[in-house]
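Have a look at final_8.cif; it's mmCIF, C-alpha atoms:
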```
data_data
#
loop_
_atom_site.label_atom_id
_atom_site.label_comp_id
_atom_site.auth_asym_id
_atom_site.auth_seq_id
_atom_site.Cartn_x
_atom_site.Cartn_y
_atom_site.Cartn_z
CA MET F 1 136.53 145.81 121.64
CA ALA F 2 138.51 143.71 119.17
CA ALA F 3 139.39 141.25 121.90
CA MET F 4 135.70 140.87 122.79
CA TRP F 5 134.78 140.17 119.17
CA GLN F 6 137.52 137.57 118.97
CA GLN F 7 136.21 135.83 122.09
CA LEU F 8 132.66 135.95 120.69
CA HIS F 9 133.80 134.46 117.40
CA GLY F 10 135.64 131.73 119.29
CA VAL F 11 132.53 130.82 121.31
CA MET F 12 130.37 130.81 118.19
CA GLY F 13 132.91 128.60 116.43
CA LEU F 14 132.84 126.13 119.33
CA TRP F 15 129.04 125.99 119.25
CA LEU F 16 129.09 125.50 115.50
CA LEU F 17 131.59 122.64 115.79
CA LEU F 18 129.48 121.09 118.55
CA ALA F 19 126.32 121.29 116.40
CA VAL F 20 128.10 119.73 113.42
CA GLY F 21 129.49 116.98 115.62
CA LEU F 22 126.08 116.20 117.07
CA ALA F 23 124.55 116.10 113.58
CA LEU F 24 127.24 113.69 112.39
CA LEU F 25 126.82 111.52 115.49
CA SER F 26 123.06 111.42 115.00
CA GLY F 27 123.53 110.34 111.38
CA VAL F 28 125.91 107.58 112.42
CA LEU F 29 123.57 106.31 115.13
CA ARG F 30 120.68 106.20 112.66
CA SER F 31 122.61 104.40 109.92
CA ALA F 32 121.73 100.80 109.13
CA ARG F 33 125.37 99.77 109.41
CA PHE F 34 125.66 101.02 112.99
CA LYS F 35 122.36 99.39 113.97
CA GLY F 36 123.54 96.09 112.54
CA TRP F 37 126.87 96.38 114.35
CA LEU F 38 125.12 97.21 117.63
CA GLY F 39 122.73 94.28 117.33
CA GLU F 40 125.53 91.81 116.61
CA ARG F 41 127.53 93.11 119.59
CA LEU F 42 124.57 92.66 121.89
CA VAL F 43 123.98 89.08 120.73
CA ARG F 44 127.66 88.28 121.08
CA ARG F 45 127.62 89.49 124.69
CA TRP F 46 124.45 87.55 125.55
CA LEU F 47 125.88 84.33 124.13
CA ALA F 48 129.18 84.78 125.99
CA GLN F 49 127.42 85.41 129.30
CA GLY F 50 124.67 82.80 129.04
CA LEU F 51 126.23 79.76 127.32
CA ASP F 52 128.90 77.48 128.70
CA PRO F 53 131.92 77.71 126.32
CA GLN F 54 132.81 74.08 127.03
CA HIS F 55 129.56 72.86 125.49
CA TYR F 56 128.60 75.72 123.14
CA HIS F 57 131.15 77.08 120.66
CA ALA F 58 130.16 80.46 119.20
CA LEU F 59 131.57 81.92 115.98
CA HIS F 60 130.73 85.43 114.80
CA ASP F 61 130.68 87.31 111.50
CA LEU F 62 131.39 84.37 109.18
CA THR F 63 131.82 85.03 105.47
CA LEU F 64 131.96 81.77 103.50
CA ARG F 65 132.58 81.18 99.82
CA LEU F 66 130.10 78.90 98.10
CA PRO F 67 130.95 76.37 95.35
CA ASP F 68 129.53 78.71 92.64
CA GLY F 69 131.98 81.46 93.63
CA SER F 70 129.47 83.62 95.51
CA THR F 71 129.71 84.45 99.21
CA THR F 72 127.33 84.36 102.16
CA GLN F 73 127.64 86.22 105.44
CA ILE F 74 126.31 84.73 108.71
CA ASP F 75 126.07 86.82 111.88
CA HIS F 76 126.53 84.04 114.47
CA VAL F 77 126.97 80.26 114.48
CA VAL F 78 126.77 78.21 117.70
CA VAL F 79 128.00 74.61 117.43
CA SER F 80 127.16 72.03 120.09
CA VAL F 81 126.19 68.40 120.41
CA HIS F 82 122.56 69.58 120.18
CA GLY F 83 123.07 70.85 116.63
CA VAL F 84 124.33 73.89 114.74
CA PHE F 85 122.44 77.10 115.57
CA VAL F 86 122.47 79.70 112.79
CA LEU F 87 121.59 83.15 114.15
CA GLU F 88 120.44 86.14 112.09
CA THR F 89 120.37 89.46 113.98
CA LYS F 90 117.90 92.28 113.25
CA HIS F 91 117.97 95.59 115.15
CA LEU F 92 114.45 96.95 114.57
CA GLN F 93 112.02 99.38 116.15
CA GLY F 94 108.30 100.01 115.89
CA TRP F 95 105.69 97.39 115.02
CA ILE F 96 106.39 94.30 112.93
CA PHE F 97 103.77 92.53 110.82
CA GLY F 98 104.73 89.23 109.21
CA ALA F 99 104.34 85.47 109.19
CA GLU F 100 106.81 82.62 108.90
CA ARG F 101 106.22 81.91 105.22
CA GLN F 102 105.64 85.44 103.96
CA LYS F 103 108.19 86.78 101.49
CA ASP F 104 108.34 90.25 103.05
CA TRP F 105 107.60 91.69 106.47
CA THR F 106 106.36 95.20 107.25
CA GLN F 107 107.85 97.57 109.83
CA THR F 108 105.63 100.43 111.03
CA PHE F 109 107.25 103.29 112.90
CA TYR F 110 104.80 106.10 113.60
CA ARG F 111 103.51 106.98 110.11
CA HIS F 112 106.34 105.36 108.19
CA ARG F 113 105.93 101.87 106.75
CA VAL F 114 108.86 99.88 105.37
CA ARG F 115 108.84 96.46 103.74
CA PHE F 116 111.90 94.27 104.20
CA GLN F 117 112.85 90.71 103.39
CA ASN F 118 111.65 88.02 105.74
CA PRO F 119 114.77 87.23 107.83
CA LEU F 120 113.69 83.60 108.12
CA ARG F 121 113.91 83.28 104.33
CA GLN F 122 117.27 85.03 104.41
CA ASN F 123 118.52 82.65 107.10
CA TRP F 124 117.27 79.68 105.08
CA ARG F 125 119.96 80.37 102.48
CA HIS F 126 122.53 80.32 105.28
CA LEU F 127 121.29 76.89 106.36
CA LYS F 128 121.50 75.53 102.83
CA ALA F 129 125.02 76.93 102.47
CA LEU F 130 126.19 75.22 105.66
CA GLU F 131 124.49 72.01 104.62
CA THR F 132 126.53 72.04 101.39
CA LEU F 133 129.84 73.13 102.87
CA LEU F 134 129.82 71.04 106.05
CA GLY F 135 127.93 67.98 104.88
CA VAL F 136 125.58 68.26 107.88
CA PRO F 137 121.95 67.12 107.52
CA LEU F 138 119.44 69.93 107.44
CA ALA F 139 117.68 68.44 110.47
CA HIS F 140 120.79 69.20 112.57
CA LEU F 141 120.73 72.92 111.65
CA HIS F 142 118.53 75.30 113.69
CA SER F 143 117.46 78.66 112.31
CA VAL F 144 117.11 81.50 114.84
CA VAL F 145 116.26 85.18 114.23
CA VAL F 146 117.16 87.52 117.11
CA LEU F 147 115.47 90.93 117.41
CA THR F 148 117.69 93.27 119.43
CA GLY F 149 115.73 96.51 119.16
CA THR F 150 112.46 97.64 120.71
CA ALA F 151 110.30 96.21 117.92
CA GLN F 152 107.08 94.45 118.84
CA PHE F 153 105.21 91.86 116.79
CA LYS F 154 101.61 92.81 116.12
CA THR F 155 100.98 89.44 114.48
CA ALA F 156 101.75 85.97 115.78
CA MET F 157 105.52 85.84 116.23
CA PRO F 158 107.08 82.78 114.53
CA ALA F 159 108.59 80.14 116.79
CA GLN F 160 112.10 80.68 115.38
CA VAL F 161 112.07 84.40 116.28
CA VAL F 162 113.22 85.54 119.75
CA GLN F 163 113.67 88.96 121.27
CA GLY F 164 116.81 90.13 123.03
CA ALA F 165 118.47 87.95 125.65
CA ALA F 166 115.75 85.29 125.20
CA VAL F 167 118.07 83.74 122.61
CA VAL F 168 120.02 82.06 125.42
CA PRO F 169 117.14 80.04 126.93
CA TYR F 170 115.93 79.28 123.40
CA VAL F 171 119.27 77.66 122.51
CA ARG F 172 119.32 75.80 125.82
CA SER F 173 115.83 74.40 125.17
CA PHE F 174 117.28 71.91 122.65
CA ASN F 175 118.24 68.87 124.72
CA ALA F 176 118.46 66.04 122.17
CA GLN F 177 122.01 65.04 121.20
CA LEU F 178 122.34 65.23 117.42
CA LEU F 179 126.13 65.38 116.96
CA ALA F 180 128.99 63.46 118.50
CA PRO F 181 131.82 65.46 120.16
CA GLU F 182 134.11 64.41 117.29
CA ALA F 183 131.62 65.81 114.76
CA VAL F 184 131.49 69.10 116.68
CA GLN F 185 135.29 69.46 116.48
CA ARG F 186 135.26 68.59 112.79
CA ILE F 187 132.62 71.26 112.06
CA LEU F 188 134.60 73.88 113.97
CA GLN F 189 137.75 73.04 112.02
CA GLN F 190 135.88 73.24 108.70
CA LEU F 191 134.36 76.62 109.54
CA ASP F 192 137.70 78.00 110.68
CA ALA F 193 139.41 76.79 107.51
CA GLN F 194 136.72 77.96 105.04
CA ARG F 195 135.81 81.34 106.51
CA LEU F 196 137.23 84.42 104.85
CA ALA F 197 139.20 86.98 106.80
CA PRO F 198 136.82 89.40 108.62
CA THR F 199 138.26 92.52 107.02
CA ARG F 200 136.76 95.58 105.39
CA ALA F 201 137.78 94.30 101.96
CA THR F 202 135.86 91.05 102.55
CA HIS F 203 132.77 92.99 103.59
CA ARG F 204 132.97 95.25 100.53
CA ALA F 205 133.36 92.30 98.19
CA HIS F 206 130.34 90.57 99.76
CA VAL F 207 128.20 93.73 99.43
CA ALA F 208 129.27 94.12 95.79
CA HIS F 209 128.26 90.51 95.10
CA LEU F 210 124.83 91.11 96.67
CA ARG F 211 124.30 94.15 94.47
CA GLN F 212 125.24 92.22 91.34
CA ARG F 213 122.84 89.45 92.25
CA HIS F 214 120.09 91.99 92.85
CA VAL F 215 120.75 93.59 89.44
CA ARG F 216 120.64 90.20 87.72
CA ALA F 217 117.38 89.37 89.48
CA GLU F 218 115.84 92.63 88.29
CA GLY F 219 117.11 92.08 84.75
CA ALA F 220 115.45 88.66 84.60
CA SER F 221 112.12 89.84 85.99
CA PRO F 222 109.00 89.22 83.84
CA ALA F 223 108.23 92.95 83.72
CA SER F 224 111.55 93.82 82.07
CA THR F 225 111.13 90.89 79.71
CA ARG F 226 107.74 92.17 78.63
CA VAL F 227 109.12 95.66 78.04
CA LEU F 228 111.92 94.32 75.85
CA ALA F 229 109.49 92.17 73.91
CA THR F 230 107.34 95.15 72.95
CA VAL F 231 110.18 96.84 70.96
CA PRO F 232 109.56 95.84 67.33
CA ALA F 233 112.45 94.96 65.04
CA THR F 234 113.02 96.66 61.65
CA PRO F 235 110.83 94.82 59.12
CA THR F 236 112.46 93.25 56.07
CA PRO F 237 110.60 93.86 52.77
CA THR F 238 109.28 90.63 51.27
CA PRO F 239 107.34 90.07 48.01
CA THR F 240 103.60 90.10 48.41
CA PRO F 241 102.05 86.74 47.43
CA PRO F 242 98.91 86.71 45.24
CA ALA F 243 95.67 86.90 47.13
CA PRO F 244 93.90 83.52 47.42
CA ALA F 245 90.48 82.97 45.94
CA PRO F 246 87.66 83.89 48.33
CA GLU F 247 86.11 80.95 50.13
CA PRO F 248 82.35 80.56 50.34
CA ALA F 249 80.86 82.01 53.49
CA PRO F 250 79.99 79.35 56.04
CA ALA F 251 76.39 78.66 56.81
CA PRO F 252 75.03 80.54 59.81
CA ALA F 253 75.14 78.49 62.97
CA PRO F 254 71.77 77.54 64.44
CA ALA F 255 70.58 79.72 67.29
CA PRO F 256 71.29 78.18 70.67
CA ALA F 257 68.40 76.71 72.52
CA ALA F 258 66.91 78.85 75.24
CA ALA F 259 68.14 78.04 78.69
CA PRO F 260 65.55 76.40 80.96
CA ARG F 261 63.73 78.75 83.28
CA PRO F 262 65.14 78.61 86.81
CA PRO F 263 62.72 77.35 89.44
CA ARG F 264 60.68 80.00 91.27
CA PRO F 265 59.03 78.20 94.22
CA LEU F 266 57.24 81.22 95.64
CA ALA F 267 55.78 82.40 92.30
CA ASP F 268 54.73 78.85 91.35
CA ALA F 269 53.06 78.36 94.72
CA VAL F 270 51.15 81.63 94.38
CA GLU F 271 49.96 80.77 90.87
CA ALA F 272 48.78 77.36 92.02
CA ALA F 273 46.95 78.82 95.05
CA ILE F 274 44.91 81.35 93.04
CA PRO F 275 42.12 79.52 91.15
CA GLY F 276 40.55 81.11 88.11
CA ARG F 277 43.25 83.77 87.79
CA ALA F 278 42.66 86.22 84.97
CA GLU F 279 45.32 87.07 82.41
CA PRO F 280 48.02 89.32 83.91
CA VAL F 281 48.31 92.96 83.03
CA LEU F 282 51.33 93.36 80.74
CA HIS F 283 52.76 96.54 82.22
CA PRO F 284 56.43 96.66 83.27
CA GLU F 285 55.61 97.31 86.92
CA PRO F 286 52.55 98.87 88.54
CA GLN F 287 52.96 102.03 90.50
CA PRO F 288 52.71 101.51 94.26
CA ILE F 289 49.15 101.69 95.54
CA THR F 290 47.61 101.31 98.93
CA PRO F 291 45.59 98.03 99.09
CA GLN F 292 42.11 98.06 100.55
CA ALA F 293 41.53 96.45 103.92
CA ALA F 294 40.60 92.78 103.76
CA ALA F 295 38.76 90.39 106.01
CA PRO F 296 40.81 88.37 108.51
CA CYS F 297 42.24 84.99 107.66
CA PRO F 298 39.43 82.40 107.46
CA ARG F 299 41.74 79.75 108.99
CA CYS F 300 43.28 81.45 112.03
CA ALA F 301 41.52 84.88 112.15
CA ALA F 302 44.86 86.68 111.83
CA PRO F 303 45.10 89.83 109.65
CA LEU F 304 45.85 89.47 105.96
CA VAL F 305 48.72 91.38 104.38
CA ALA F 306 49.09 92.41 100.73
CA ARG F 307 51.89 90.79 98.75
CA SER F 308 53.05 90.90 95.09
CA VAL F 309 55.29 88.53 93.12
CA SER F 310 56.79 89.19 89.69
CA ARG F 311 56.59 86.65 86.89
CA ASP F 312 59.18 85.86 84.21
CA ASP F 313 57.24 87.79 81.55
CA GLY F 314 57.31 90.99 83.63
CA ALA F 315 53.75 90.75 84.96
CA TRP F 316 52.90 90.97 88.65
CA LEU F 317 50.69 88.68 90.76
CA HIS F 318 48.84 90.39 93.63
CA PHE F 319 47.37 88.37 96.48
CA TRP F 320 46.52 88.39 100.19
CA ARG F 321 48.62 86.27 102.57
CA CYS F 322 48.15 85.44 106.23
CA GLN F 323 50.33 87.51 108.55
CA ARG F 324 51.36 84.32 110.42
CA PHE F 325 53.09 82.89 107.33
CA PRO F 326 54.73 80.33 107.24
CA GLU F 327 52.77 78.89 110.21
CA CYS F 328 49.57 79.61 108.32
CA ARG F 329 49.83 79.37 104.52
CA HIS F 330 46.40 80.73 103.53
CA MET F 331 46.44 82.90 100.36
CA GLN F 332 43.67 84.42 98.28
CA PRO F 333 43.63 86.57 95.11
CA ARG F 334 43.66 90.36 95.26
CA ALA F 335 42.51 92.68 92.47
CA ALA F 336 45.38 94.71 91.04
CA GLN F 337 44.83 98.43 90.57
CA VAL F 338 47.24 99.39 87.78
CA LEU F 339 47.53 102.93 86.55
CA PRO F 340 47.79 103.41 82.78
CA LEU F 341 51.18 104.22 81.30
CA GLN F 342 51.81 107.83 80.28
CA GLU F 343 52.41 108.33 76.58
#
```

Please express what this file holds, its structure, as structure tokens.
Amino acid sequence: MAAMWQQLHGVMGLWLLLAVGLALLSGVLRSARFKGWLGERLVRRWLAQGLDPQHYHALHDLTLRLPDGSTTQIDHVVVSVHGVFVLETKHLQGWIFGAERQKDWTQTFYRHRVRFQNPLRQNWRHLKALETLLGVPLAHLHSVVVLTGTAQFKTAMPAQVVQGAAVVPYVRSFNAQLLAPEAVQRILQQLDAQRLAPTRATHRAHVAHLRQRHVRAEGASPASTRVLATVPATPTPTPTPPAPAPEPAPAPAPAPAAAPRPPRPLADAVEAAIPGRAEPVLHPEPQPITPQAAAPCPRCAAPLVARSVSRDDGAWLHFWRCQRFPECRHMQPRAAQVLPLQE
């Protein structure tokens, strides 16, 4: 019996270790660091298989130090006579919504929505860094964002964004010669001399610098400035000066002239078409009544319909109008039946 319990405990321990291992593996596979590593490995393989190494020289995971002491990390750089291609890799899933000049893009995965920085804007800083360090004109630098996951654009995908292995034909599509072979060798030597060692310590230092820059950006935001400005300082007591003599009250300003009445073409036309109109009834608005039947239009024999138009003083004009208006513009006065107001 004891031996059976020992075997059962051993089997349960193995299952428990297997469950813990699977949970840890699932967490690693879902981590952003692993997804970034996987995407960069895929792009590295596509470039090695699709580009001729004699004409295209690929460098990976470059960390460069800028003149101000900060660092920048570039996933891939391809140097050729057709220019310097700067590649930013993103391993994403779900639906992507974003435009070329938007600050942030949106990733939708089932019911989860995440906003992240536009990778084209992120890669723009890489281009400016290479322009400063290498002395290469910005027109000779090509920005490329490679999506390695299963993400799909639900908006118009920018021209500098490619999916998967399509990065190879995109790089090959540039045929104009922008750099001489000597300039290509010089750029490769500069990158090899200025890049930092691709070690874990270099990566940690770069991440720490990014966090410090993010904290400084938050500290200089207008919202934090407004919060600090609302804290009042301790007042210093000062002697109260004597009150000045009261000044005479200014004369009241003249009332502004009444604004001109806006034109009312329909009401003016009705008033002009009704000769001998009596004074209007000064009630706010008559209660709806059913007009009596009228004779047909004397011009075209079409039926007449009852119409009412309000005036500026609140009165209403009641008249008959031809049903074929505006083809026929015949109008004639109609007696208004207004109920008295209840006290």

Report task. Can you work out the spacing between CA of Ala165 (chain F) and CA of Val86 (chain F) in Å, to one decimal? Result -> 15.8 Å

Query raised in the report: Any idea what's packed within 6 Å of Cys322 (chain F), counting all atoms listed in the file, ignoring anything in its chain fewer than 3 positions away? Could you give it as a PyMOL selection string?
Result: chain F and resi 304+325+330

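You can rank F:Arg311, F:Arg44, F:Arg65, F:Arg329 by their closest distance to Ala193 (chain F) using all atoms listed in the file, and at the top of that list sits F:Arg65.
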
Where does the PyMOL selection byres ((chain F and resi 104-111) around 12) land in this file, that is, which residues does it pick, as a tab-separated table (two decimals) with C-alpha atoms, in the frame of the given file?
```
chain	number	residue	atom	x	y	z
F	90	LYS	CA	117.90	92.28	113.25
F	91	HIS	CA	117.97	95.59	115.15
F	92	LEU	CA	114.45	96.95	114.57
F	93	GLN	CA	112.02	99.38	116.15
F	94	GLY	CA	108.30	100.01	115.89
F	95	TRP	CA	105.69	97.39	115.02
F	96	ILE	CA	106.39	94.30	112.93
F	97	PHE	CA	103.77	92.53	110.82
F	98	GLY	CA	104.73	89.23	109.21
F	99	ALA	CA	104.34	85.47	109.19
F	100	GLU	CA	106.81	82.62	108.90
F	101	ARG	CA	106.22	81.91	105.22
F	102	GLN	CA	105.64	85.44	103.96
F	103	LYS	CA	108.19	86.78	101.49
F	112	HIS	CA	106.34	105.36	108.19
F	113	ARG	CA	105.93	101.87	106.75
F	114	VAL	CA	108.86	99.88	105.37
F	115	ARG	CA	108.84	96.46	103.74
F	116	PHE	CA	111.90	94.27	104.20
F	117	GLN	CA	112.85	90.71	103.39
F	118	ASN	CA	111.65	88.02	105.74
F	119	PRO	CA	114.77	87.23	107.83
F	120	LEU	CA	113.69	83.60	108.12
F	121	ARG	CA	113.91	83.28	104.33
F	122	GLN	CA	117.27	85.03	104.41
F	150	THR	CA	112.46	97.64	120.71
F	151	ALA	CA	110.30	96.21	117.92
F	152	GLN	CA	107.08	94.45	118.84
F	153	PHE	CA	105.21	91.86	116.79
F	154	LYS	CA	101.61	92.81	116.12
F	155	THR	CA	100.98	89.44	114.48
F	157	MET	CA	105.52	85.84	116.23
```

Report task. State, in Å with one decimal place, the distance from CA of Ala208 (chain F) to CA of Thr63 (chain F). Result -> 13.5 Å

Go through the shown structure with the PyMOL selection byres ((chain F and resi 184-186) around 10) and write out the matching residues as a compact mmCIF listing (two decimals) with C-alpha atoms, in the frame of the given file.
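Result file follows (part11.txt):
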```
# COMPACT_ATOMS: atom_id res chain seq x y z
CA HIS F 55 129.56 72.86 125.49
CA TYR F 56 128.60 75.72 123.14
CA HIS F 57 131.15 77.08 120.66
CA VAL F 79 128.00 74.61 117.43
CA SER F 80 127.16 72.03 120.09
CA VAL F 81 126.19 68.40 120.41
CA HIS F 82 122.56 69.58 120.18
CA GLY F 83 123.07 70.85 116.63
CA VAL F 84 124.33 73.89 114.74
CA LEU F 134 129.82 71.04 106.05
CA LEU F 178 122.34 65.23 117.42
CA LEU F 179 126.13 65.38 116.96
CA ALA F 180 128.99 63.46 118.50
CA PRO F 181 131.82 65.46 120.16
CA GLU F 182 134.11 64.41 117.29
CA ALA F 183 131.62 65.81 114.76
CA ILE F 187 132.62 71.26 112.06
CA LEU F 188 134.60 73.88 113.97
CA GLN F 189 137.75 73.04 112.02
CA GLN F 190 135.88 73.24 108.70
CA LEU F 191 134.36 76.62 109.54
CA ASP F 192 137.70 78.00 110.68
```

Requested in this report: Would you mind reading off the distance between CA of His142 (chain F) and CA of Thr199 (chain F), one decimal, in Å?
Outcome: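 For CA of His142 (chain F) relative to CA of Thr199 (chain F), the distance reads 27.0 Å.
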
Requested in this report: Give me the residues within 8 Å of Leu59 (chain F) as a VMD selection string, counting all atoms listed in the file and dropping any in the same chain fewer than 5 places off.
Outcome: chain F and resid 76 to 78

Produce a file of the selected residues containing C-alpha atoms, as a PDB file, in the coordinates of the input.
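Output file selection13.pdb follows:
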```pdb
ATOM      1  CA  HIS F  76     126.530  84.040 114.470  1.00  0.00           C
ATOM      2  CA  VAL F  77     126.970  80.260 114.480  1.00  0.00           C
ATOM      3  CA  VAL F  78     126.770  78.210 117.700  1.00  0.00           C
TER       4      VAL F  78
END
```

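For the structure in this document, the set picked by the PyMOL selection byres ((chain F and resi 166) around 12) is Leu42, Val43, Trp46, Leu47, Gly50, Val144, Val145, Val146, Leu147, Thr148, Gln160, Val161, Val162, Gln163, Gly164, Ala165, Val167, Val168, Pro169, Tyr170, Val171, Arg172 and Ser173 of chain F.
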
Could you write those residues out with C-alpha atoms, as a tab-separated table (two decimals), in the frame of the given file?
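Contents of the output file part-v8.tsv:
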```tsv
chain	number	residue	atom	x	y	z
F	42	LEU	CA	124.57	92.66	121.89
F	43	VAL	CA	123.98	89.08	120.73
F	46	TRP	CA	124.45	87.55	125.55
F	47	LEU	CA	125.88	84.33	124.13
F	50	GLY	CA	124.67	82.80	129.04
F	144	VAL	CA	117.11	81.50	114.84
F	145	VAL	CA	116.26	85.18	114.23
F	146	VAL	CA	117.16	87.52	117.11
F	147	LEU	CA	115.47	90.93	117.41
F	148	THR	CA	117.69	93.27	119.43
F	160	GLN	CA	112.10	80.68	115.38
F	161	VAL	CA	112.07	84.40	116.28
F	162	VAL	CA	113.22	85.54	119.75
F	163	GLN	CA	113.67	88.96	121.27
F	164	GLY	CA	116.81	90.13	123.03
F	165	ALA	CA	118.47	87.95	125.65
F	167	VAL	CA	118.07	83.74	122.61
F	168	VAL	CA	120.02	82.06	125.42
F	169	PRO	CA	117.14	80.04	126.93
F	170	TYR	CA	115.93	79.28	123.40
F	171	VAL	CA	119.27	77.66	122.51
F	172	ARG	CA	119.32	75.80	125.82
F	173	SER	CA	115.83	74.40	125.17
```

Query raised in the report: So, counting only C-alpha atoms, which residue among F:Leu14, F:Ser308, F:Ala295, F:Thr71 is closest to Ala205 (chain F)?
Result: F:Thr71

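In terms of minimum interatomic distance to Leu62 (chain F), F:Thr202 ranks closest within F:Gln323, F:Gln177, F:Thr202, F:Gln7, counting only C-alpha atoms.
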
**Report entry** Best match for closeness to His140 (chain F) among F:Asp61, F:Gln73, F:Pro296, F:Leu127, counting all atoms listed in the file
**Finding:**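 Selected residue with least distance to His140 (chain F): F:Leu127.
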
Once all heavy atoms are restored for region 70-76 of chain F, what would the output be as a PDB file, keeping the file's coordinate frame?
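The new file result-v6.pdb reads:
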```pdb
ATOM      1  N   SER F  70     130.104  82.550  94.744  1.00  0.00           N
ATOM      2  CA  SER F  70     129.470  83.620  95.510  1.00  0.00           C
ATOM      3  C   SER F  70     129.835  83.486  96.988  1.00  0.00           C
ATOM      4  O   SER F  70     130.472  82.513  97.416  1.00  0.00           O
ATOM      5  CB  SER F  70     127.957  83.580  95.327  1.00  0.00           C
ATOM      6  OG  SER F  70     127.443  82.347  95.793  1.00  0.00           O
ATOM      7  N   THR F  71     129.419  84.452  97.779  1.00  0.00           N
ATOM      8  CA  THR F  71     129.710  84.450  99.210  1.00  0.00           C
ATOM      9  C   THR F  71     128.412  84.617  99.989  1.00  0.00           C
ATOM     10  O   THR F  71     127.408  85.133  99.473  1.00  0.00           O
ATOM     11  CB  THR F  71     130.665  85.598  99.573  1.00  0.00           C
ATOM     12  OG1 THR F  71     130.096  86.848  99.166  1.00  0.00           O
ATOM     13  CG2 THR F  71     132.020  85.409  98.917  1.00  0.00           C
ATOM     14  N   THR F  72     128.437  84.178 101.237  1.00  0.00           N
ATOM     15  CA  THR F  72     127.330  84.360 102.160  1.00  0.00           C
ATOM     16  C   THR F  72     127.886  84.781 103.502  1.00  0.00           C
ATOM     17  O   THR F  72     128.954  84.303 103.919  1.00  0.00           O
ATOM     18  CB  THR F  72     126.495  83.071 102.293  1.00  0.00           C
ATOM     19  OG1 THR F  72     125.385  83.320 103.154  1.00  0.00           O
ATOM     20  CG2 THR F  72     127.321  81.938 102.858  1.00  0.00           C
ATOM     21  N   GLN F  73     127.180  85.685 104.162  1.00  0.00           N
ATOM     22  CA  GLN F  73     127.640  86.220 105.440  1.00  0.00           C
ATOM     23  C   GLN F  73     126.645  85.841 106.520  1.00  0.00           C
ATOM     24  O   GLN F  73     125.449  86.100 106.411  1.00  0.00           O
ATOM     25  CB  GLN F  73     127.796  87.737 105.358  1.00  0.00           C
ATOM     26  CG  GLN F  73     128.546  88.379 106.512  1.00  0.00           C
ATOM     27  CD  GLN F  73     127.649  88.726 107.689  1.00  0.00           C
ATOM     28  OE1 GLN F  73     126.451  88.907 107.525  1.00  0.00           O
ATOM     29  NE2 GLN F  73     128.228  88.788 108.877  1.00  0.00           N
ATOM     30  N   ILE F  74     127.127  85.211 107.603  1.00  0.00           N
ATOM     31  CA  ILE F  74     126.310  84.730 108.710  1.00  0.00           C
ATOM     32  C   ILE F  74     126.725  85.491 109.960  1.00  0.00           C
ATOM     33  O   ILE F  74     127.915  85.584 110.273  1.00  0.00           O
ATOM     34  CB  ILE F  74     126.463  83.217 108.914  1.00  0.00           C
ATOM     35  CG1 ILE F  74     126.194  82.468 107.604  1.00  0.00           C
ATOM     36  CG2 ILE F  74     125.533  82.714 110.000  1.00  0.00           C
ATOM     37  CD1 ILE F  74     126.425  80.980 107.690  1.00  0.00           C
ATOM     38  N   ASP F  75     125.761  86.009 110.699  1.00  0.00           N
ATOM     39  CA  ASP F  75     126.070  86.820 111.880  1.00  0.00           C
ATOM     40  C   ASP F  75     126.698  85.976 112.994  1.00  0.00           C
ATOM     41  O   ASP F  75     127.760  86.315 113.524  1.00  0.00           O
ATOM     42  CB  ASP F  75     124.800  87.497 112.390  1.00  0.00           C
ATOM     43  CG  ASP F  75     124.272  88.522 111.390  1.00  0.00           C
ATOM     44  OD1 ASP F  75     125.061  88.996 110.554  1.00  0.00           O
ATOM     45  OD2 ASP F  75     123.064  88.837 111.447  1.00  0.00           O
ATOM     46  N   HIS F  76     126.032  84.861 113.357  1.00  0.00           N
ATOM     47  CA  HIS F  76     126.530  84.040 114.470  1.00  0.00           C
ATOM     48  C   HIS F  76     126.229  82.579 114.165  1.00  0.00           C
ATOM     49  O   HIS F  76     125.167  82.249 113.612  1.00  0.00           O
ATOM     50  CB  HIS F  76     125.867  84.424 115.800  1.00  0.00           C
ATOM     51  CG  HIS F  76     125.810  85.897 116.049  1.00  0.00           C
ATOM     52  ND1 HIS F  76     126.848  86.610 116.594  1.00  0.00           N
ATOM     53  CD2 HIS F  76     124.825  86.803 115.809  1.00  0.00           C
ATOM     54  CE1 HIS F  76     126.512  87.884 116.696  1.00  0.00           C
ATOM     55  NE2 HIS F  76     125.288  88.023 116.221  1.00  0.00           N
TER      56      HIS F  76
END
```
